[in-house]
Amino acid sequence: MTLPEHAAPDEVATLIEGLHREEFGRIVAALTRRFGDLGLAEEVTQDAFAEAVRRWPTAGVPPYPPGWLSTTARNRAVDRLRRESTRHARHVEADLLRAPHGADPADWDPDDPASAIPDDRLRLLFTCCHPALAPATRVALTLRLLGGLTVPEIAAAFLVQERAMAQRITRAKQKIAVARIPYRVPGDAELADRLGGVLATLYLVFNEGYLPRAGDQPVRTDLCAEALRLTRVLRHLMPDEPEVAGLLALMLLTEARRPARVVQGRLVGLDEQDRSRWDPGLVAEGHALVRECLRRNRPGHHQLLAAINAVHTDAPDFAATDWSQVLALYDQLYAVTPTPVVALNRALAVAELDGPEVALALVEALDLTTYQPFHAARADLLRRLGRSGEARAAYGRAISMTGNEAEQAFLAARARGVERAIYP
Amino acid sequence: MAEYLLSVWGPAEYDEFGTYGSKEEMEQAFADTGRFNESLRERGHWVFAGGLHPAHTATVVDGTGAEVVTTDGPYLESKELIGGFWVITARDLDEALALAAEGSRACRGKVEVRPFQGE
């Protein structure tokens with residue numbers, strides 16, 4: 001991370017970009033703990049990065065850039081609080097005094113990397129993912145405050161108008177402040193429930209990156225990378241939570257398949273992917289985590305999904321997949337999470353073991369007509385049963401329900417395959 | 001510490017047993033709510049609480065114009081209305097939510113938690 005004092009401008013830009021990814025959430029988290037004001041922490045951190053962009057290319061990069069950013073942000077916060085009314089300052093003082101759960105702001109030195117208290121970011125993550133906030137708001141806040149993404153970036157990723165997204169984030173920060181959503185990691189009694197919300201948020205971010213709901217980008221690698229990075233941070237901070245390890249494994253094994261998943265702008269199904277293009281490093285890392293989870297033997301939703309992905313990534317080709325193992329895992333998953341979406345995916349494993357007819361009966365019993373993958377799955381089963389007319393109609397329905405162009409291309413190709421079967 | 005309004009929401013119309021299904025259920029809910037109130041006092045969260053008569057006993061007064069206009073009935077036409085409330089003090093939202101859960105269980109109604117403005 002050290003650069004010569006007079007580095008080239010593009011090197012400085014790359015450095016700041018990397019620091020933004022690595023340090024934004026850490027600085028916001030530490031300042032929130034110090035000043036008890038999330039909005040203030042966010043603004044001064046943003047200011048500090050803007051200052052770095054202005055100054056470093058000409059004045060040179062400071063010897064310890066993260067420390068410079070922390071100090072600059074902290075000084076700005078102090079300045080701002082001094083300028084504001086003494087009444088506000090009293091409030092901040094009171095907030096610090098009530099600073100709950102052993103957080104002593106005086107013991108924190110932003111210039112000393114050794115004193116960076118790791119669970120500041122964990123507190124921030126639990127605050128952003130508090131159940132009093134709507135799930136979509138949790139995602140937006142997490143990306144903004146921990147990931148440092150800009151409001152326009154978040155709005156673009158979730159197909160929301162920029163103004164609406166800005167308002168959503170502003171209102172959430174206001175709610176956190178005035179309703180006093182606490183800045184802390186919940187105690188043991190609440191932790192299991194609350195951790196579930198955090199994991200769901202991170203998985204939502206990842207999935208939005210892996211299969212964007214719309215647009216010509218088949219994959220939003222930035223969102224996948226951000227979700228993976230935050231999950232790695234969570235894993236580092238909570239090494240004993242098997243569901244955290246499970247979610248990380250799930251993301252790694254999914255991400256590992258990405259290079260084979262889109263070819264020439266078209267999505268490629270698991271059955272047709274060139275498995276030699278899967279990332280062996282990510283597969284190995286994911287498998288190791290799944291094995292760790294198995295040893296702990298406290299299976300949960302994300303661990304079971306990861307285990308299913310591990311069976312897939314273990315098979316040299318699609319035909320060699322251990323489908324009875326996949327089905328057994330889906331049975332376990334359904335016991336933990338009895339949702340129609342799980343039942344749908346379980347039915348696809350049944351199709352490989354007992355044939356498409358048995359699977360179709362299971363699929364058609366599900367109340368999922370507003371869920372795009374339901375129509376895609378149904379179309380595929382009908383195609384395999386040679387029920388061409390119904391298959392084409394179902395493909396049409398599935399295509400109309402996705403805005404992802406690579407997925408549209410994949411479904412359209414399958415639908416054309418049906419046509420060829422009728423008119424050879 | 002901060003103050004929160006815990007408001008209980010339920011049907012606009014009360015029947016014979018208020019918003020409850022039977023006399024026994026109503027009496028049990030009253031007893032449970034009484035015990036919850038007592039425990040709020042013991043734990044230092046109590047500020048004020050009260051149950052309201054049905055919404056048809058409400059009157060709306062509008063003094064914003066030149067003349068005061070008085071009308072019968074609640075301000076909003078709604079199937080669900082506020083039926084009672086607590087004002088409590090709590091350290092933070094998590095504590096307020098935990099108390100709201102206890103209150104909801106006691107009175108058998110959904111509870112909205114909303115912070116008061118400070119000073």
# chains A, B, ... in the order shown; residues from 1 in each chain; ligands from 1
$ select_by_dssp --residues "stretch 205-310 of chain A" --states "strand (DSSP E or B)" --output "ChimeraX atom specification"
/A:214-215,262-263,266-267
$ residues_around --residues "B:Glu13" --least-positions-apart "3" --cutoff "9 Å" --atoms "only C-alpha atoms" --output "MDAnalysis selection string"
chainID B and resid 10 18:19 54:56 79:81
$ closest_residue --among "B:Ser39, B:Thr64, B:Thr59, B:Gln117" --to "B:Leu76" --atoms "only C-alpha atoms"
B:Thr59
$ interface_residues --of "chain B" --to "chain A" --cutoff "8 Å" --atoms "only C-alpha atoms" --output "ChimeraX atom specification"
/B:92-94,114-115,117
$ write_last_selection --atoms "N, CA, C and O atoms" --output "JSON list (two decimals), in the first residue's frame"
[["chain", "number", "residue", "atom", "x", "y", "z"],
["B", 92, "ASP", "N", -32.76, 2.10, 24.40],
["B", 92, "ASP", "CA", -32.62, 2.19, 22.95],
["B", 92, "ASP", "C", -33.78, 1.42, 22.31],
["B", 92, "ASP", "O", -34.64, 0.88, 23.03],
["B", 93, "LEU", "N", -33.80, 1.37, 20.98],
["B", 93, "LEU", "CA", -34.93, 0.73, 20.29],
["B", 93, "LEU", "C", -35.05, -0.75, 20.64],
["B", 93, "LEU", "O", -36.15, -1.26, 20.77],
["B", 94, "ASP", "N", -33.92, -1.44, 20.78],
["B", 94, "ASP", "CA", -33.99, -2.87, 21.09],
["B", 94, "ASP", "C", -34.76, -3.11, 22.39],
["B", 94, "ASP", "O", -35.58, -4.02, 22.48],
["B", 114, "ARG", "N", -42.90, 4.06, 18.48],
["B", 114, "ARG", "CA", -42.48, 5.29, 17.81],
["B", 114, "ARG", "C", -41.81, 6.22, 18.81],
["B", 114, "ARG", "O", -42.34, 6.44, 19.90],
["B", 115, "PRO", "N", -40.64, 6.74, 18.43],
["B", 115, "PRO", "CA", -39.92, 7.58, 19.38],
["B", 115, "PRO", "C", -40.56, 8.97, 19.51],
["B", 115, "PRO", "O", -41.07, 9.51, 18.53],
["B", 117, "GLN", "N", -40.10, 13.03, 20.07],
["B", 117, "GLN", "CA", -39.07, 14.04, 19.81],
["B", 117, "GLN", "C", -38.47, 14.46, 21.15],
["B", 117, "GLN", "O", -39.19, 14.59, 22.13]]
$ residues_around --residues "stretch 255-264 of chain A" --least-positions-apart "3" --cutoff "7 Å" --atoms "only C-alpha atoms" --output "PDB file with C-alpha atoms, in the first residue's frame"
ATOM      1  CA  MET A 251     -20.764 -17.490  -2.442  1.00  0.00           C
ATOM      2  CA  LEU A 252     -17.316 -18.915  -3.265  1.00  0.00           C
ATOM      3  CA  LEU A 267     -26.280 -17.751 -19.931  1.00  0.00           C
ATOM      4  CA  VAL A 268     -25.110 -21.372 -19.930  1.00  0.00           C
ATOM      5  CA  GLN A 273     -21.010 -25.500 -18.620  1.00  0.00           C
ATOM      6  CA  ASP A 274     -17.352 -26.102 -19.491  1.00  0.00           C
ATOM      7  CA  ARG A 275     -16.238 -27.232 -16.059  1.00  0.00           C
ATOM      8  CA  ARG A 277     -13.242 -23.054 -16.719  1.00  0.00           C
ATOM      9  CA  TRP A 278     -14.456 -23.126 -13.120  1.00  0.00           C
ATOM     10  CA  ASP A 279     -12.041 -21.387 -10.757  1.00  0.00           C
ATOM     11  CA  LEU A 282     -12.434 -20.765  -5.232  1.00  0.00           C
ATOM     12  CA  VAL A 283     -13.801 -24.321  -5.464  1.00  0.00           C
TER      13      VAL A 283
END
$ atom_distance --atom1 "atom CA of B:Gly103" --atom2 "atom CA of B:Phe36"
6.6 Å
$ closest_residue --among "A:Val233, A:Leu204, A:Ala155, A:Leu191" --to "A:Glu22" --atoms "only C-alpha atoms"
A:Val233
$ residues_around --residues "stretch 323-331 of chain A" --least-positions-apart "2" --cutoff "8 Å" --atoms "only C-alpha atoms" --output "PyMOL selection string"
chain A and resi 304+307-308+311+321+333-335+342+345-346+349-350+352-353
$ write_last_selection --atoms "N, CA and C atoms" --output "PDB file, in the first residue's frame"
ATOM      1  N   LEU A 304     -26.404 -25.713   4.110  1.00  0.00           N
ATOM      2  CA  LEU A 304     -26.975 -26.765   3.264  1.00  0.00           C
ATOM      3  C   LEU A 304     -26.925 -26.357   1.789  1.00  0.00           C
ATOM      4  N   ALA A 307     -23.487 -26.933   0.736  1.00  0.00           N
ATOM      5  CA  ALA A 307     -23.206 -28.362   0.562  1.00  0.00           C
ATOM      6  C   ALA A 307     -23.743 -28.859  -0.787  1.00  0.00           C
ATOM      7  N   ILE A 308     -24.917 -28.388  -1.165  1.00  0.00           N
ATOM      8  CA  ILE A 308     -25.487 -28.761  -2.471  1.00  0.00           C
ATOM      9  C   ILE A 308     -24.559 -28.282  -3.589  1.00  0.00           C
ATOM     10  N   VAL A 311     -21.550 -30.512  -3.893  1.00  0.00           N
ATOM     11  CA  VAL A 311     -21.787 -31.751  -4.652  1.00  0.00           C
ATOM     12  C   VAL A 311     -21.672 -31.458  -6.154  1.00  0.00           C
ATOM     13  N   THR A 321     -23.015 -36.159 -11.568  1.00  0.00           N
ATOM     14  CA  THR A 321     -23.482 -35.542 -10.324  1.00  0.00           C
ATOM     15  C   THR A 321     -24.148 -36.585  -9.418  1.00  0.00           C
ATOM     16  N   LEU A 333     -32.746 -29.325   3.703  1.00  0.00           N
ATOM     17  CA  LEU A 333     -32.968 -27.886   3.563  1.00  0.00           C
ATOM     18  C   LEU A 333     -34.449 -27.557   3.732  1.00  0.00           C
ATOM     19  N   TYR A 334     -35.295 -28.414   3.151  1.00  0.00           N
ATOM     20  CA  TYR A 334     -36.734 -28.165   3.242  1.00  0.00           C
ATOM     21  C   TYR A 334     -37.204 -28.293   4.696  1.00  0.00           C
ATOM     22  N   ALA A 335     -36.549 -29.169   5.445  1.00  0.00           N
ATOM     23  CA  ALA A 335     -36.901 -29.306   6.863  1.00  0.00           C
ATOM     24  C   ALA A 335     -36.552 -28.022   7.619  1.00  0.00           C
ATOM     25  N   VAL A 342     -37.610 -23.513  -2.155  1.00  0.00           N
ATOM     26  CA  VAL A 342     -36.791 -24.690  -1.866  1.00  0.00           C
ATOM     27  C   VAL A 342     -37.435 -25.931  -2.505  1.00  0.00           C
ATOM     28  N   ASN A 345     -36.603 -26.085  -6.220  1.00  0.00           N
ATOM     29  CA  ASN A 345     -35.245 -26.550  -6.514  1.00  0.00           C
ATOM     30  C   ASN A 345     -35.070 -28.031  -6.191  1.00  0.00           C
ATOM     31  N   ARG A 346     -35.754 -28.473  -5.153  1.00  0.00           N
ATOM     32  CA  ARG A 346     -35.724 -29.894  -4.807  1.00  0.00           C
ATOM     33  C   ARG A 346     -36.318 -30.717  -5.957  1.00  0.00           C
ATOM     34  N   ALA A 349     -33.951 -31.646  -8.665  1.00  0.00           N
ATOM     35  CA  ALA A 349     -33.111 -32.812  -8.361  1.00  0.00           C
ATOM     36  C   ALA A 349     -33.908 -34.095  -8.566  1.00  0.00           C
ATOM     37  N   VAL A 350     -35.186 -34.059  -8.181  1.00  0.00           N
ATOM     38  CA  VAL A 350     -36.061 -35.214  -8.403  1.00  0.00           C
ATOM     39  C   VAL A 350     -36.112 -35.547  -9.895  1.00  0.00           C
ATOM     40  N   GLU A 352     -33.854 -35.363 -12.061  1.00  0.00           N
ATOM     41  CA  GLU A 352     -32.663 -36.110 -12.493  1.00  0.00           C
ATOM     42  C   GLU A 352     -32.707 -37.559 -11.995  1.00  0.00           C
ATOM     43  N   LEU A 353     -33.367 -37.792 -10.877  1.00  0.00           N
ATOM     44  CA  LEU A 353     -33.405 -39.133 -10.299  1.00  0.00           C
ATOM     45  C   LEU A 353     -34.603 -39.938 -10.805  1.00  0.00           C
TER      46      LEU A 353
END
$ residues_around --residues "B:Arg43" --least-positions-apart "2" --cutoff "12 Å" --atoms "only C-alpha atoms" --output "NGL selection string"
:B and (36-41 or 45-47 or 88-90 or 95 or 99)
$ write_last_selection --atoms "C-alpha atoms" --output "short mmCIF file (atom, residue, chain, number, x, y, z; two decimals), in the first residue's frame"
data_model
loop_
_atom_site.label_atom_id
_atom_site.label_comp_id
_atom_site.auth_asym_id
_atom_site.auth_seq_id
_atom_site.Cartn_x
_atom_site.Cartn_y
_atom_site.Cartn_z
CA PHE B 36 -47.33 -5.93 32.48
CA ASN B 37 -48.11 -2.38 33.68
CA GLU B 38 -46.94 -3.30 37.15
CA SER B 39 -43.70 -4.73 35.84
CA LEU B 40 -43.10 -1.58 33.75
CA ARG B 41 -43.29 0.43 36.99
CA HIS B 45 -39.92 2.12 32.27
CA TRP B 46 -43.37 3.47 33.16
CA VAL B 47 -44.38 7.00 32.18
CA ILE B 88 -42.30 4.33 28.24
CA THR B 89 -38.65 5.16 28.68
CA ALA B 90 -36.04 2.81 27.29
CA GLU B 95 -35.17 -2.42 24.69
CA LEU B 99 -41.11 -4.23 25.96
#
$ closest_residue --among "A:Gly215, A:Gly67, A:Ala30, A:Gly25" --to "A:Leu141" --atoms "only C-alpha atoms"
A:Gly25
$ decode --residues "stretch 7-37 of chain A" --atoms "N, CA, C and O atoms" --output "compact mmCIF listing (two decimals), in the first residue's frame"
# COMPACT_ATOMS: atom_id res chain seq x y z
N ALA A 7 3.98 9.68 -6.77
CA ALA A 7 3.57 8.60 -7.66
C ALA A 7 2.81 9.20 -8.83
O ALA A 7 2.34 10.34 -8.78
N ALA A 8 2.70 8.43 -9.91
CA ALA A 8 1.95 8.89 -11.08
C ALA A 8 0.47 9.01 -10.71
O ALA A 8 -0.03 8.26 -9.88
N PRO A 9 -0.24 9.98 -11.35
CA PRO A 9 -1.64 10.21 -11.00
C PRO A 9 -2.51 8.96 -11.08
O PRO A 9 -3.36 8.74 -10.22
N ASP A 10 -2.27 8.11 -12.10
CA ASP A 10 -3.14 6.93 -12.20
C ASP A 10 -2.85 5.92 -11.09
O ASP A 10 -3.73 5.22 -10.62
N GLU A 11 -1.59 5.87 -10.65
CA GLU A 11 -1.26 5.01 -9.51
C GLU A 11 -1.96 5.51 -8.25
O GLU A 11 -2.46 4.72 -7.45
N VAL A 12 -2.01 6.85 -8.10
CA VAL A 12 -2.67 7.43 -6.93
C VAL A 12 -4.15 7.11 -6.97
O VAL A 12 -4.75 6.72 -5.97
N ALA A 13 -4.75 7.23 -8.17
CA ALA A 13 -6.19 6.96 -8.31
C ALA A 13 -6.49 5.51 -7.94
O ALA A 13 -7.45 5.24 -7.23
N THR A 14 -5.65 4.58 -8.41
CA THR A 14 -5.85 3.16 -8.09
C THR A 14 -5.71 2.92 -6.59
O THR A 14 -6.48 2.17 -5.99
N LEU A 15 -4.72 3.58 -6.01
CA LEU A 15 -4.51 3.44 -4.57
C LEU A 15 -5.74 3.91 -3.80
O LEU A 15 -6.22 3.22 -2.90
N ILE A 16 -6.28 5.08 -4.18
CA ILE A 16 -7.44 5.63 -3.46
C ILE A 16 -8.65 4.72 -3.64
O ILE A 16 -9.40 4.47 -2.68
N GLU A 17 -8.79 4.19 -4.86
CA GLU A 17 -9.90 3.27 -5.10
C GLU A 17 -9.83 2.06 -4.17
O GLU A 17 -10.83 1.64 -3.57
N GLY A 18 -8.65 1.49 -4.06
CA GLY A 18 -8.45 0.33 -3.18
C GLY A 18 -8.70 0.69 -1.72
O GLY A 18 -9.36 -0.06 -0.99
N LEU A 19 -8.21 1.87 -1.32
CA LEU A 19 -8.41 2.31 0.06
C LEU A 19 -9.89 2.53 0.34
O LEU A 19 -10.38 2.24 1.43
N HIS A 20 -10.61 3.04 -0.67
CA HIS A 20 -12.03 3.29 -0.50
C HIS A 20 -12.75 1.99 -0.19
O HIS A 20 -13.58 1.92 0.71
N ARG A 21 -12.40 0.93 -0.96
CA ARG A 21 -13.01 -0.38 -0.73
C ARG A 21 -12.67 -0.91 0.66
O ARG A 21 -13.51 -1.38 1.40
N GLU A 22 -11.39 -0.80 1.02
CA GLU A 22 -10.92 -1.45 2.25
C GLU A 22 -11.24 -0.64 3.50
O GLU A 22 -11.45 -1.21 4.56
N GLU A 23 -11.19 0.68 3.39
CA GLU A 23 -11.17 1.49 4.60
C GLU A 23 -12.46 2.24 4.88
O GLU A 23 -12.70 2.68 6.01
N PHE A 24 -13.33 2.45 3.85
CA PHE A 24 -14.50 3.30 4.05
C PHE A 24 -15.35 2.82 5.23
O PHE A 24 -15.62 3.57 6.17
N GLY A 25 -15.72 1.55 5.19
CA GLY A 25 -16.58 1.00 6.24
C GLY A 25 -15.89 1.02 7.60
O GLY A 25 -16.53 1.29 8.62
N ARG A 26 -14.58 0.76 7.60
CA ARG A 26 -13.85 0.74 8.86
C ARG A 26 -13.85 2.13 9.52
O ARG A 26 -14.08 2.27 10.72
N ILE A 27 -13.61 3.16 8.68
CA ILE A 27 -13.55 4.52 9.23
C ILE A 27 -14.93 4.97 9.70
O ILE A 27 -15.09 5.51 10.80
N VAL A 28 -15.97 4.70 8.88
CA VAL A 28 -17.33 5.08 9.28
C VAL A 28 -17.67 4.38 10.61
O VAL A 28 -18.21 5.00 11.53
N ALA A 29 -17.33 3.10 10.70
CA ALA A 29 -17.67 2.33 11.90
C ALA A 29 -16.96 2.91 13.12
O ALA A 29 -17.57 3.11 14.18
N ALA A 30 -15.68 3.20 12.98
CA ALA A 30 -14.92 3.71 14.13
C ALA A 30 -15.42 5.09 14.55
O ALA A 30 -15.56 5.38 15.74
N LEU A 31 -15.71 5.95 13.57
CA LEU A 31 -16.19 7.30 13.92
C LEU A 31 -17.59 7.26 14.51
O LEU A 31 -17.94 8.09 15.35
N THR A 32 -18.41 6.31 14.05
CA THR A 32 -19.75 6.19 14.62
C THR A 32 -19.64 5.84 16.10
O THR A 32 -20.34 6.38 16.94
N ARG A 33 -18.71 4.96 16.42
CA ARG A 33 -18.55 4.60 17.82
C ARG A 33 -18.04 5.80 18.62
O ARG A 33 -18.46 6.04 19.74
N ARG A 34 -17.13 6.56 18.01
CA ARG A 34 -16.55 7.69 18.73
C ARG A 34 -17.55 8.82 18.95
O ARG A 34 -17.61 9.42 20.01
N PHE A 35 -18.33 9.13 17.90
CA PHE A 35 -19.20 10.31 17.99
C PHE A 35 -20.68 9.97 18.14
O PHE A 35 -21.49 10.88 18.31
N GLY A 36 -21.04 8.71 18.01
CA GLY A 36 -22.44 8.33 18.19
C GLY A 36 -23.36 8.90 17.13
O GLY A 36 -24.54 9.11 17.39
N ASP A 37 -22.83 9.22 15.97
CA ASP A 37 -23.65 9.85 14.93
C ASP A 37 -23.26 9.28 13.57
O ASP A 37 -22.24 9.64 12.99
